[in-house]
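Dropping coords-v8.txt in here (compact mmCIF, C-alpha atoms):
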```
# COMPACT_ATOMS: atom_id res chain seq x y z
CA MET A 1 89.26 48.44 36.42
CA LYS A 2 88.66 45.43 34.17
CA LYS A 3 85.14 44.06 33.95
CA ALA A 4 84.21 40.39 33.73
CA LEU A 5 80.92 38.73 32.93
CA VAL A 6 80.64 35.55 35.04
CA GLU A 7 78.43 32.51 34.72
CA GLY A 8 78.10 29.96 37.53
CA TYR A 9 75.66 28.10 39.73
CA LEU A 10 74.10 30.73 42.00
CA SER A 11 71.92 28.88 44.48
CA ASN A 12 73.36 29.22 47.99
CA ASN A 13 75.54 26.16 47.47
CA LEU A 14 78.69 26.16 49.62
CA GLY A 15 80.92 24.58 46.98
CA ASP A 16 80.02 27.07 44.27
CA ASP A 17 80.08 29.98 46.73
CA LEU A 18 83.62 28.97 47.62
CA PHE A 19 84.48 29.24 43.90
CA PHE A 20 83.04 32.75 43.79
CA SER A 21 84.82 33.78 47.00
CA LEU A 22 88.18 32.55 45.76
CA LEU A 23 87.67 34.24 42.39
CA THR A 24 86.48 37.65 43.57
CA LYS A 25 88.94 37.92 46.47
CA ARG A 26 91.87 36.96 44.27
CA TYR A 27 91.16 39.78 41.81
CA LEU A 28 90.07 42.71 43.94
CA GLY A 29 90.83 45.10 41.10
CA THR A 30 88.29 43.47 38.78
CA GLN A 31 84.54 44.08 38.67
CA PHE A 32 82.51 40.87 38.29
CA THR A 33 78.97 40.86 36.88
CA PHE A 34 77.12 37.58 37.35
CA SER A 35 74.86 36.65 34.45
CA SER A 36 72.36 34.39 36.25
CA ASP A 37 69.51 35.14 38.62
CA ASN A 38 71.10 35.78 42.01
CA LYS A 39 70.08 33.14 44.53
CA SER A 40 73.43 33.22 46.31
CA GLN A 41 73.48 35.48 49.35
CA ILE A 42 77.25 35.65 49.61
CA LEU A 43 77.52 37.78 46.46
CA ASN A 44 75.97 40.66 48.40
CA SER A 45 79.07 40.80 50.61
CA PHE A 46 81.58 41.40 47.79
CA SER A 47 82.44 45.01 46.97
CA ASN A 48 83.65 44.16 43.46
CA VAL A 49 80.51 42.26 42.40
CA VAL A 50 77.63 43.66 40.38
CA ILE A 51 74.41 41.70 40.72
CA GLY A 52 72.08 41.73 37.76
CA HIS A 53 70.49 39.08 35.58
CA GLN A 54 72.14 39.38 32.16
CA LYS A 55 69.78 37.76 29.66
CA LEU A 56 71.09 37.03 26.19
CA LYS A 57 69.70 40.29 24.78
CA ASN A 58 71.51 42.20 27.54
CA VAL A 59 74.77 40.39 26.73
CA ILE A 60 74.36 41.26 23.05
CA THR A 61 73.85 44.91 23.97
CA ASN A 62 76.58 45.15 26.61
CA VAL A 63 79.28 42.77 25.43
CA ARG A 64 81.62 45.64 24.53
CA ASN A 65 81.45 46.87 28.13
CA PHE A 66 83.19 43.70 29.37
CA ASP A 67 86.82 42.68 29.03
CA LEU A 68 86.31 38.94 29.48
CA PHE A 69 83.81 36.14 29.99
CA ILE A 70 84.36 33.60 32.80
CA LEU A 71 82.43 30.41 33.40
CA VAL A 72 83.24 29.10 36.89
CA GLY A 73 83.04 25.34 37.08
CA GLY A 74 81.56 22.66 39.04
CA SER A 75 78.95 20.53 37.35
CA MET A 76 78.00 23.06 34.70
CA PHE A 77 77.76 20.54 31.86
CA GLN A 78 75.31 17.82 32.90
CA GLN A 79 72.66 16.27 30.68
CA ILE A 80 69.74 15.85 33.05
CA LYS A 81 67.06 13.38 32.04
CA GLY A 82 63.82 15.04 31.03
CA GLN A 83 65.39 18.48 30.68
CA PRO A 84 66.18 19.92 27.23
CA TRP A 85 69.82 20.87 26.93
CA PHE A 86 70.12 22.41 23.45
CA LYS A 87 68.62 25.79 24.40
CA ARG A 88 71.18 26.29 27.15
CA TRP A 89 73.97 25.18 24.81
CA PHE A 90 72.80 27.63 22.15
CA ILE A 91 72.66 30.60 24.54
CA LEU A 92 76.13 29.82 25.87
CA PHE A 93 77.46 29.37 22.33
CA VAL A 94 76.07 32.75 21.26
CA GLU A 95 77.63 34.40 24.31
CA VAL A 96 80.99 32.81 23.53
CA LEU A 97 80.79 33.88 19.88
CA LEU A 98 79.94 37.46 20.84
CA PHE A 99 83.01 37.70 23.07
CA LYS A 100 85.12 36.01 20.42
CA ILE A 101 83.99 38.43 17.69
CA CYS A 102 84.77 41.35 19.99
CA LYS A 103 88.22 39.83 20.71
CA LYS A 104 87.52 39.42 24.43
CA ASP A 105 89.04 36.64 26.55
CA ILE A 106 86.87 33.59 27.30
CA ILE A 107 87.80 31.35 30.23
CA PHE A 108 86.05 28.23 31.59
CA ILE A 109 87.61 27.06 34.86
CA GLY A 110 87.24 24.24 37.37
CA PHE A 111 84.53 22.10 35.78
CA ASN A 112 83.80 18.44 35.13
CA PHE A 113 81.79 17.14 32.18
CA GLY A 114 78.74 14.92 32.57
CA PRO A 115 77.01 12.77 33.28
CA TYR A 116 75.50 12.73 29.81
CA GLN A 117 73.42 10.23 27.85
CA SER A 118 73.67 11.28 24.21
CA LYS A 119 76.70 11.53 21.96
CA SER A 120 75.35 14.75 20.47
CA PHE A 121 75.56 16.45 23.90
CA LYS A 122 79.30 15.75 24.03
CA VAL A 123 79.87 16.63 20.36
CA PHE A 124 78.14 20.01 20.60
CA TYR A 125 80.06 21.03 23.73
CA ARG A 126 83.32 19.80 22.25
CA PHE A 127 82.65 22.13 19.32
CA LEU A 128 81.84 25.05 21.66
CA PHE A 129 85.02 24.49 23.70
CA ASN A 130 87.11 25.14 20.57
CA PHE A 131 86.16 28.82 20.83
CA VAL A 132 87.26 29.18 24.47
CA ASP A 133 90.73 30.62 25.17
CA TYR A 134 91.45 28.62 28.32
CA LEU A 135 89.71 25.67 29.96
CA SER A 136 90.62 23.91 33.21
CA VAL A 137 88.95 20.71 34.38
CA ARG A 138 89.05 18.90 37.71
CA ASP A 139 89.17 15.19 36.85
CA LYS A 140 90.94 12.84 34.46
CA LYS A 141 87.76 11.53 32.83
CA THR A 142 86.80 15.01 31.69
CA PHE A 143 90.35 15.75 30.56
CA GLU A 144 90.47 12.55 28.51
CA LEU A 145 87.20 13.47 26.77
CA PHE A 146 88.70 16.72 25.48
CA HIS A 147 92.45 16.07 25.59
CA ARG A 148 92.85 16.80 21.87
CA ASN A 149 92.02 20.41 22.64
CA SER A 150 95.38 21.88 23.66
CA LYS A 151 93.64 24.63 25.64
CA VAL A 152 92.22 22.12 28.17
CA HIS A 153 94.21 21.69 31.41
CA LEU A 154 93.79 19.32 34.37
CA PHE A 155 94.14 20.41 38.00
CA PRO A 156 92.57 19.29 41.33
CA ASP A 157 89.31 20.96 42.35
CA ILE A 158 89.60 24.69 43.02
CA VAL A 159 88.39 24.30 46.62
CA PHE A 160 91.62 22.47 47.48
CA SER A 161 93.28 25.90 47.18
CA LEU A 162 91.44 27.20 50.27
CA PRO A 163 93.87 28.63 52.84
CA ASN A 164 94.44 26.08 55.61
CA ASP A 165 93.72 28.61 58.35
CA LEU A 166 90.05 28.55 57.33
CA LEU A 167 89.83 24.97 58.60
CA ASN A 168 90.04 23.74 62.17
CA SER A 169 93.60 22.81 63.14
CA SER A 170 92.46 20.34 65.81
CA LYS A 171 89.90 17.54 65.53
CA GLN A 172 87.71 15.65 67.97
CA LYS A 173 86.04 12.24 68.24
CA SER A 174 82.97 13.17 66.23
CA LEU A 175 81.24 12.36 62.96
CA ALA A 176 80.25 14.80 60.23
CA ILE A 177 77.47 13.68 57.90
CA SER A 178 76.89 15.70 54.76
CA VAL A 179 73.15 15.34 54.12
CA MET A 180 71.87 15.97 50.62
CA ASP A 181 68.63 16.87 48.90
CA PHE A 182 69.14 15.28 45.47
CA GLY A 183 66.21 17.12 43.92
CA PRO A 184 63.13 15.81 42.11
CA ASN A 185 64.92 13.91 39.33
CA VAL A 186 66.17 10.89 41.33
CA ASP A 187 64.43 7.79 42.64
CA PHE A 188 66.81 7.00 45.52
CA GLN A 189 66.19 9.90 47.94
CA GLN A 190 64.16 7.79 50.37
CA THR A 191 66.61 4.88 50.26
CA TYR A 192 69.44 7.30 50.98
CA GLU A 193 67.67 8.85 53.97
CA ASP A 194 66.69 5.46 55.40
CA SER A 195 70.29 4.26 55.18
CA LEU A 196 71.56 7.32 57.06
CA VAL A 197 68.98 6.71 59.79
CA LYS A 198 70.24 3.12 60.19
CA VAL A 199 73.85 4.28 60.39
CA ILE A 200 73.16 7.06 62.88
CA ASN A 201 71.21 4.75 65.18
CA ARG A 202 74.03 2.20 65.28
CA VAL A 203 77.06 4.47 65.59
CA ASP A 204 78.80 4.46 68.99
CA PRO A 205 76.50 6.52 71.30
CA THR A 206 79.54 8.36 72.72
CA MET A 207 80.32 9.68 69.23
CA GLU A 208 79.02 13.20 68.68
CA ILE A 209 77.26 13.49 65.31
CA THR A 210 76.52 16.65 63.32
CA LEU A 211 74.37 16.70 60.18
CA TYR A 212 75.58 19.33 57.70
CA GLY A 213 73.57 20.95 54.91
CA PHE A 214 75.68 22.44 52.11
CA GLN A 215 72.78 24.01 50.20
CA VAL A 216 69.57 25.69 51.35
CA SER A 217 67.69 27.30 48.48
CA SER A 218 64.23 27.44 46.95
CA ASP A 219 64.86 24.48 44.64
CA ILE A 220 67.31 22.36 46.66
CA ASP A 221 67.07 22.33 50.46
CA ASP A 222 69.32 20.06 52.51
CA SER A 223 67.73 21.33 55.72
CA THR A 224 64.40 19.65 54.90
CA VAL A 225 66.19 16.31 54.54
CA ILE A 226 68.02 16.88 57.83
CA ASN A 227 64.72 17.57 59.57
CA ARG A 228 63.16 14.39 58.18
CA ILE A 229 66.13 12.33 59.37
CA LYS A 230 66.08 13.90 62.85
CA LYS A 231 62.45 12.86 63.27
CA LYS A 232 63.33 9.20 62.60
CA ILE A 233 66.53 8.68 64.59
CA GLU A 234 66.74 7.42 68.15
CA ARG A 235 69.54 9.62 69.47
CA PRO A 236 70.34 13.33 69.70
CA VAL A 237 72.40 14.90 66.92
CA LYS A 238 73.48 18.40 66.10
CA SER A 239 72.90 20.09 62.76
CA LEU A 240 74.35 23.03 60.87
CA CYS A 241 73.33 24.39 57.47
CA TYR A 242 75.21 26.78 55.22
CA ASP A 243 72.96 29.78 54.60
CA GLY A 244 75.15 32.07 52.54
CA THR A 245 76.25 34.18 55.53
CA ASN A 246 78.07 31.68 57.77
CA MET A 247 80.86 30.32 55.55
CA ASP A 248 83.72 30.76 58.04
CA LEU A 249 81.75 29.22 60.89
CA PHE A 250 80.61 26.33 58.72
CA LEU A 251 84.13 25.51 57.50
CA LYS A 252 85.57 25.55 61.01
CA ASP A 253 82.77 23.40 62.42
CA TYR A 254 82.81 20.86 59.60
CA SER A 255 86.58 20.38 59.70
CA LYS A 256 86.70 19.74 63.48
CA ASN A 257 85.49 16.13 63.03
CA PHE A 258 87.77 13.11 62.76
CA PHE A 259 85.22 11.17 60.69
CA ALA A 260 82.92 12.09 57.81
CA ILE A 261 80.23 10.54 55.66
CA THR A 262 80.20 12.70 52.55
CA SER A 263 77.40 13.12 50.03
CA ARG A 264 77.93 16.60 48.61
CA PHE A 265 80.93 16.67 46.27
CA HIS A 266 82.59 19.50 48.15
CA SER A 267 82.03 17.84 51.50
CA LEU A 268 84.37 15.17 50.13
CA VAL A 269 86.90 17.79 48.99
CA LEU A 270 86.80 19.54 52.37
CA SER A 271 87.12 16.23 54.24
CA LEU A 272 90.18 15.26 52.22
CA LYS A 273 91.70 18.69 52.76
CA ALA A 274 91.02 18.41 56.52
CA LYS A 275 92.54 14.88 56.55
CA GLN A 276 89.35 13.33 57.89
CA GLN A 277 88.64 9.63 57.63
CA VAL A 278 86.02 9.56 54.89
CA ILE A 279 83.18 7.33 53.77
CA SER A 280 81.92 8.79 50.51
CA VAL A 281 78.49 8.29 48.95
CA ASP A 282 79.06 7.86 45.22
CA TYR A 283 75.88 9.29 43.69
CA ASN A 284 77.39 10.93 40.61
CA ILE A 285 80.31 10.18 38.28
CA LYS A 286 82.18 13.22 39.62
CA VAL A 287 82.65 11.55 43.02
CA GLY A 288 84.38 8.47 41.64
CA ALA A 289 86.26 10.63 39.14
CA LEU A 290 87.73 12.76 41.95
CA LEU A 291 88.81 9.71 43.96
CA SER A 292 90.32 8.09 40.88
CA THR A 293 92.13 11.26 39.80
CA LEU A 294 93.76 11.63 43.23
CA ASN A 295 94.18 7.86 43.70
CA ILE A 296 92.24 7.89 46.99
CA LYS A 297 91.54 4.46 48.52
CA ASN A 298 88.74 5.15 51.00
CA LEU A 299 85.41 3.40 51.59
CA ASN A 300 83.38 4.65 48.62
CA VAL A 301 79.77 3.44 48.63
CA LYS A 302 77.73 3.40 45.44
CA ILE A 303 74.26 4.85 45.89
CA ASP A 304 72.67 1.53 44.81
CA ASP A 305 74.56 -0.31 47.57
CA LEU A 306 72.83 1.59 50.36
CA THR A 307 70.12 -1.08 50.40
CA ASN A 308 72.75 -3.72 51.20
CA SER A 309 72.77 -4.51 54.94
CA GLU A 310 76.37 -5.73 54.77
CA ILE A 311 77.49 -2.39 53.34
CA ILE A 312 75.62 -0.56 56.11
CA SER A 313 77.36 -2.75 58.69
CA GLU A 314 80.73 -2.05 57.06
CA ILE A 315 80.10 1.69 57.28
CA ILE A 316 79.21 1.44 60.96
CA LYS A 317 82.24 -0.74 61.78
CA SER A 318 84.61 1.59 59.95
CA ILE A 319 83.44 4.41 62.23
CA ASN A 320 83.04 2.58 65.54
CA TYR A 321 86.41 0.81 65.41
CA ALA A 322 88.52 3.48 63.73
CA GLU A 323 91.50 5.06 65.43
CA LEU A 324 91.49 8.75 66.21
CA LYS A 325 94.02 9.81 63.62
CA ASP A 326 94.24 11.58 60.28
CA ASN A 327 93.41 9.57 57.18
CA SER A 328 96.15 7.68 55.35
CA TYR A 329 94.96 8.56 51.82
CA LEU A 330 97.02 11.73 51.44
CA GLY A 331 100.27 12.61 53.18
CA SER A 332 101.08 16.20 54.09
CA LYS A 333 103.46 16.49 51.13
CA GLU A 334 100.85 15.14 48.69
CA LEU A 335 98.17 17.43 50.07
CA LYS A 336 100.45 20.44 49.78
CA GLU A 337 101.16 19.58 46.14
CA ILE A 338 97.43 19.15 45.43
CA THR A 339 96.80 22.55 47.02
CA ASN A 340 99.50 24.16 44.89
CA GLN A 341 98.22 22.49 41.73
CA SER A 342 94.63 23.57 42.38
CA THR A 343 95.63 27.25 42.27
CA LYS A 344 96.70 26.72 38.65
CA HIS A 345 93.06 26.94 37.55
CA PHE A 346 93.73 30.69 37.84
CA THR A 347 96.90 30.69 35.70
CA TYR A 348 95.34 32.36 32.66
CA LEU A 349 93.35 34.85 34.73
CA ASP A 350 96.47 35.78 36.71
CA LYS A 351 98.13 36.84 33.46
CA ILE A 352 95.31 39.08 32.27
CA LEU A 353 93.96 40.38 35.59
CA GLY A 354 96.95 40.30 37.92
CA ILE A 355 96.67 39.06 41.51
CA LYS A 356 95.49 41.79 43.84
CA ASN A 357 95.32 39.55 46.92
CA GLU A 358 98.27 37.16 47.33
CA LYS A 359 96.86 35.60 50.52
CA ASN A 360 93.55 34.93 48.75
CA ASN A 361 91.65 34.70 52.04
CA ILE A 362 87.92 34.36 51.80
```
Kindly return the structure encoded in the file as structure tokens.
Amino acid sequence: MKKALVEGYLSNNLGDDLFFSLLTKRYLGTQFTFSSDNKSQILNSFSNVVIGHQKLKNVITNVRNFDLFILVGGSMFQQIKGQPWFKRWFILFVEVLLFKICKKDIIFIGFNFGPYQSKSFKVFYRFLFNFVDYLSVRDKKTFELFHRNSKVHLFPDIVFSLPNDLLNSSKQKSLAISVMDFGPNVDFQQTYEDSLVKVINRVDPTMEITLYGFQVSSDIDDSTVINRIKKKIERPVKSLCYDGTNMDLFLKDYSKNFFAITSRFHSLVLSLKAKQQVISVDYNIKVGALLSTLNIKNLNVKIDDLTNSEIISEIIKSINYAELKDNSYLGSKELKEITNQSTKHFTYLDKILGIKNEKNNI
């Protein structure tokens, strides 16, 4: 059995947990050891996962016990204001060098780069990426930043490769709202919540609304935002939060809606995959980058525009007067091609690990 050291965002986040599910279920004959503190409940359900915080000194000691190092994407390379980034870069660089010296495979898959403020941030990571054997990114902007590196490849987000039978095959006249806790480093959380309250109160009262939380953890908790919104609105709504144990239920429930207001990045991915009519909240460059990469022409609202009453009215009209039909952004043929392309993030791993689960169900 081959052994892989894995780095990713372990914080009970549905999008990242979907990455881990797809990875570990695809390679049932591989043992995966996650190097971060485990705050992701779903890892406990995988028989081929070893849970243990691998600090740098542990990696130095145990590197020869692993066959490869995998960094599983998402927004793993962001320069967050007020947070030092060089220490994290240095630790990752040392890990990469250790695996390189020991002639072990190094694979970074499914990520986007940024946002970042300083040129040095980009330069240092560009240098680090030269030591990685295979890199796959999920948007054109990231690809264009590093296109001179022949080992960088561009494919749609990994979550597009989810088997279709995990989503609801029939939809109803209802609205999904992905509600997000943006954390302590933003100044627009209150504006965002107030805008959702306005929209909810003015949506057709016959329209069933469900508020969805994609992450509930000690540092980021969408459920607290949902509870604040529910106290302010003037109509009943349902709510459902992903808790690390209810992935299948959550996916089925979320995909049953004809309409969606998406905040979480992977709520947008799931809505597109489910052919929902989507209004996306563009709070981070990765949202616009995804839409641009796939050439999606939906109503995409910049976070700063949520204070604009005309934009709020446009959102409400687009829901109240919409037809009950699948979106027109992606045809079935296009969506099938995107799904096929998204599995190519695993191309390099397929060669060295071999697929042990062709269906790749999660």
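Residue nearest Asn185 (chain A), chosen from A:Ser45, A:Gln83, A:Ser292, A:Asn284 and counting only C-alpha atoms: A:Gln83.
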Please, what distance in Å, to one decimal, runs between CA of Tyr242 (chain A) and CA of Asn257 (chain A)?
16.7 Å
Looking at only C-alpha atoms, which of A:Leu135, A:Val199, A:Ile51, A:Ile70 is the one that sits closest to Lys39 (chain A)?
A:Ile51
Just the residues within 9 Å of Arg126 (chain A), please, counting all atoms listed in the file, with nothing from its chain fewer than 3 positions along; format it as a short mmCIF file (atom, residue, chain, number, x, y, z; two decimals) with C-alpha atoms, keeping the file's coordinate frame.
```cif
data_model
loop_
_atom_site.label_atom_id
_atom_site.label_comp_id
_atom_site.auth_asym_id
_atom_site.auth_seq_id
_atom_site.Cartn_x
_atom_site.Cartn_y
_atom_site.Cartn_z
CA PHE A 121 75.56 16.45 23.90
CA LYS A 122 79.30 15.75 24.03
CA VAL A 123 79.87 16.63 20.36
CA PHE A 129 85.02 24.49 23.70
CA ASN A 130 87.11 25.14 20.57
CA LEU A 145 87.20 13.47 26.77
CA PHE A 146 88.70 16.72 25.48
CA ASN A 149 92.02 20.41 22.64
#
```
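Residue nearest Phe108 (chain A) within the list A:Phe69, A:Phe20, A:Tyr9, A:Phe34: A:Phe69 [criterion: smallest interatomic distance, only C-alpha atoms].
Reported to one decimal place, the separation of CA of Met76 (chain A) from CA of Gly8 (chain A) is 7.5 Å.
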Spatial neighbours of Leu349 (chain A), 12 Å, only C-alpha atoms, chain gap at least 5 places, as a PyMOL selection string
chain A and resi 2+4+23-24+26-27+30+67-72+105-109+133-136+343-344+354-356
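The two atoms in question, CA of Leu211 (chain A) and CA of Pro163 (chain A), are spaced 24.0 Å apart.
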As lines of an AutoDock Vina configuration file, please: the centre and edge lengths in Å, to one decimal, of an axis-aligned box enclosing every listed atom of region 274-292 of chain A with 8 Å added on each side.
```
center_x = 84.2
center_y = 12.9
center_z = 48.1
size_x = 32.7
size_y = 27.1
size_z = 35.6
```
Output region 196-218 of chain A with N, CA, C and O atoms present, as a PDB file, in the frame of the given file.
```
ATOM      1  N   LEU A 196      70.916   6.448  56.082  1.00  0.00           N
ATOM      2  CA  LEU A 196      71.560   7.320  57.060  1.00  0.00           C
ATOM      3  C   LEU A 196      70.943   7.147  58.443  1.00  0.00           C
ATOM      4  O   LEU A 196      71.662   7.174  59.450  1.00  0.00           O
ATOM      5  N   VAL A 197      69.647   6.959  58.501  1.00  0.00           N
ATOM      6  CA  VAL A 197      68.980   6.710  59.790  1.00  0.00           C
ATOM      7  C   VAL A 197      69.546   5.445  60.435  1.00  0.00           C
ATOM      8  O   VAL A 197      69.853   5.414  61.639  1.00  0.00           O
ATOM      9  N   LYS A 198      69.689   4.387  59.665  1.00  0.00           N
ATOM     10  CA  LYS A 198      70.240   3.120  60.190  1.00  0.00           C
ATOM     11  C   LYS A 198      71.656   3.319  60.719  1.00  0.00           C
ATOM     12  O   LYS A 198      72.010   2.807  61.790  1.00  0.00           O
ATOM     13  N   VAL A 199      72.467   4.044  59.968  1.00  0.00           N
ATOM     14  CA  VAL A 199      73.850   4.280  60.390  1.00  0.00           C
ATOM     15  C   VAL A 199      73.895   5.094  61.668  1.00  0.00           C
ATOM     16  O   VAL A 199      74.596   4.733  62.638  1.00  0.00           O
ATOM     17  N   ILE A 200      73.159   6.179  61.704  1.00  0.00           N
ATOM     18  CA  ILE A 200      73.160   7.060  62.880  1.00  0.00           C
ATOM     19  C   ILE A 200      72.735   6.301  64.135  1.00  0.00           C
ATOM     20  O   ILE A 200      73.351   6.448  65.202  1.00  0.00           O
ATOM     21  N   ASN A 201      71.720   5.476  64.014  1.00  0.00           N
ATOM     22  CA  ASN A 201      71.210   4.750  65.180  1.00  0.00           C
ATOM     23  C   ASN A 201      72.187   3.702  65.708  1.00  0.00           C
ATOM     24  O   ASN A 201      72.104   3.306  66.873  1.00  0.00           O
ATOM     25  N   ARG A 202      73.118   3.263  64.870  1.00  0.00           N
ATOM     26  CA  ARG A 202      74.030   2.200  65.280  1.00  0.00           C
ATOM     27  C   ARG A 202      75.473   2.672  65.515  1.00  0.00           C
ATOM     28  O   ARG A 202      76.330   1.876  65.904  1.00  0.00           O
ATOM     29  N   VAL A 203      75.737   3.930  65.289  1.00  0.00           N
ATOM     30  CA  VAL A 203      77.060   4.470  65.590  1.00  0.00           C
ATOM     31  C   VAL A 203      77.218   4.579  67.104  1.00  0.00           C
ATOM     32  O   VAL A 203      76.265   4.838  67.838  1.00  0.00           O
ATOM     33  N   ASP A 204      78.450   4.361  67.574  1.00  0.00           N
ATOM     34  CA  ASP A 204      78.800   4.460  68.990  1.00  0.00           C
ATOM     35  C   ASP A 204      78.088   5.661  69.637  1.00  0.00           C
ATOM     36  O   ASP A 204      78.261   6.806  69.205  1.00  0.00           O
ATOM     37  N   PRO A 205      77.270   5.422  70.684  1.00  0.00           N
ATOM     38  CA  PRO A 205      76.500   6.520  71.300  1.00  0.00           C
ATOM     39  C   PRO A 205      77.364   7.608  71.932  1.00  0.00           C
ATOM     40  O   PRO A 205      76.872   8.710  72.209  1.00  0.00           O
ATOM     41  N   THR A 206      78.658   7.320  72.164  1.00  0.00           N
ATOM     42  CA  THR A 206      79.540   8.360  72.720  1.00  0.00           C
ATOM     43  C   THR A 206      80.101   9.259  71.617  1.00  0.00           C
ATOM     44  O   THR A 206      80.763  10.255  71.909  1.00  0.00           O
ATOM     45  N   MET A 207      79.841   8.900  70.376  1.00  0.00           N
ATOM     46  CA  MET A 207      80.320   9.680  69.230  1.00  0.00           C
ATOM     47  C   MET A 207      79.358  10.830  68.941  1.00  0.00           C
ATOM     48  O   MET A 207      78.178  10.608  68.660  1.00  0.00           O
ATOM     49  N   GLU A 208      79.854  12.051  69.029  1.00  0.00           N
ATOM     50  CA  GLU A 208      79.020  13.200  68.680  1.00  0.00           C
ATOM     51  C   GLU A 208      78.815  13.225  67.167  1.00  0.00           C
ATOM     52  O   GLU A 208      79.748  13.028  66.396  1.00  0.00           O
ATOM     53  N   ILE A 209      77.581  13.469  66.730  1.00  0.00           N
ATOM     54  CA  ILE A 209      77.260  13.490  65.310  1.00  0.00           C
ATOM     55  C   ILE A 209      76.648  14.846  64.953  1.00  0.00           C
ATOM     56  O   ILE A 209      75.773  15.355  65.661  1.00  0.00           O
ATOM     57  N   THR A 210      77.117  15.420  63.841  1.00  0.00           N
ATOM     58  CA  THR A 210      76.520  16.650  63.320  1.00  0.00           C
ATOM     59  C   THR A 210      76.115  16.421  61.872  1.00  0.00           C
ATOM     60  O   THR A 210      76.902  15.915  61.065  1.00  0.00           O
ATOM     61  N   LEU A 211      74.881  16.785  61.548  1.00  0.00           N
ATOM     62  CA  LEU A 211      74.370  16.700  60.180  1.00  0.00           C
ATOM     63  C   LEU A 211      74.565  18.065  59.522  1.00  0.00           C
ATOM     64  O   LEU A 211      74.116  19.089  60.047  1.00  0.00           O
ATOM     65  N   TYR A 212      75.240  18.071  58.378  1.00  0.00           N
ATOM     66  CA  TYR A 212      75.580  19.330  57.700  1.00  0.00           C
ATOM     67  C   TYR A 212      74.808  19.463  56.384  1.00  0.00           C
ATOM     68  O   TYR A 212      74.767  18.524  55.578  1.00  0.00           O
ATOM     69  N   GLY A 213      74.229  20.628  56.179  1.00  0.00           N
ATOM     70  CA  GLY A 213      73.570  20.950  54.910  1.00  0.00           C
ATOM     71  C   GLY A 213      74.409  21.945  54.136  1.00  0.00           C
ATOM     72  O   GLY A 213      74.707  23.034  54.648  1.00  0.00           O
ATOM     73  N   PHE A 214      74.807  21.593  52.924  1.00  0.00           N
ATOM     74  CA  PHE A 214      75.680  22.440  52.110  1.00  0.00           C
ATOM     75  C   PHE A 214      74.892  23.358  51.189  1.00  0.00           C
ATOM     76  O   PHE A 214      75.471  24.252  50.590  1.00  0.00           O
ATOM     77  N   GLN A 215      73.583  23.139  51.061  1.00  0.00           N
ATOM     78  CA  GLN A 215      72.780  24.010  50.200  1.00  0.00           C
ATOM     79  C   GLN A 215      71.373  24.146  50.767  1.00  0.00           C
ATOM     80  O   GLN A 215      70.699  23.148  51.042  1.00  0.00           O
ATOM     81  N   VAL A 216      70.944  25.384  50.935  1.00  0.00           N
ATOM     82  CA  VAL A 216      69.570  25.690  51.350  1.00  0.00           C
ATOM     83  C   VAL A 216      69.063  26.770  50.405  1.00  0.00           C
ATOM     84  O   VAL A 216      69.449  27.933  50.504  1.00  0.00           O
ATOM     85  N   SER A 217      68.225  26.356  49.452  1.00  0.00           N
ATOM     86  CA  SER A 217      67.690  27.300  48.480  1.00  0.00           C
ATOM     87  C   SER A 217      66.256  26.919  48.158  1.00  0.00           C
ATOM     88  O   SER A 217      65.728  25.938  48.689  1.00  0.00           O
ATOM     89  N   SER A 218      65.635  27.677  47.269  1.00  0.00           N
ATOM     90  CA  SER A 218      64.230  27.440  46.950  1.00  0.00           C
ATOM     91  C   SER A 218      64.017  26.132  46.195  1.00  0.00           C
ATOM     92  O   SER A 218      62.960  25.505  46.293  1.00  0.00           O
TER      93      SER A 218
END
```
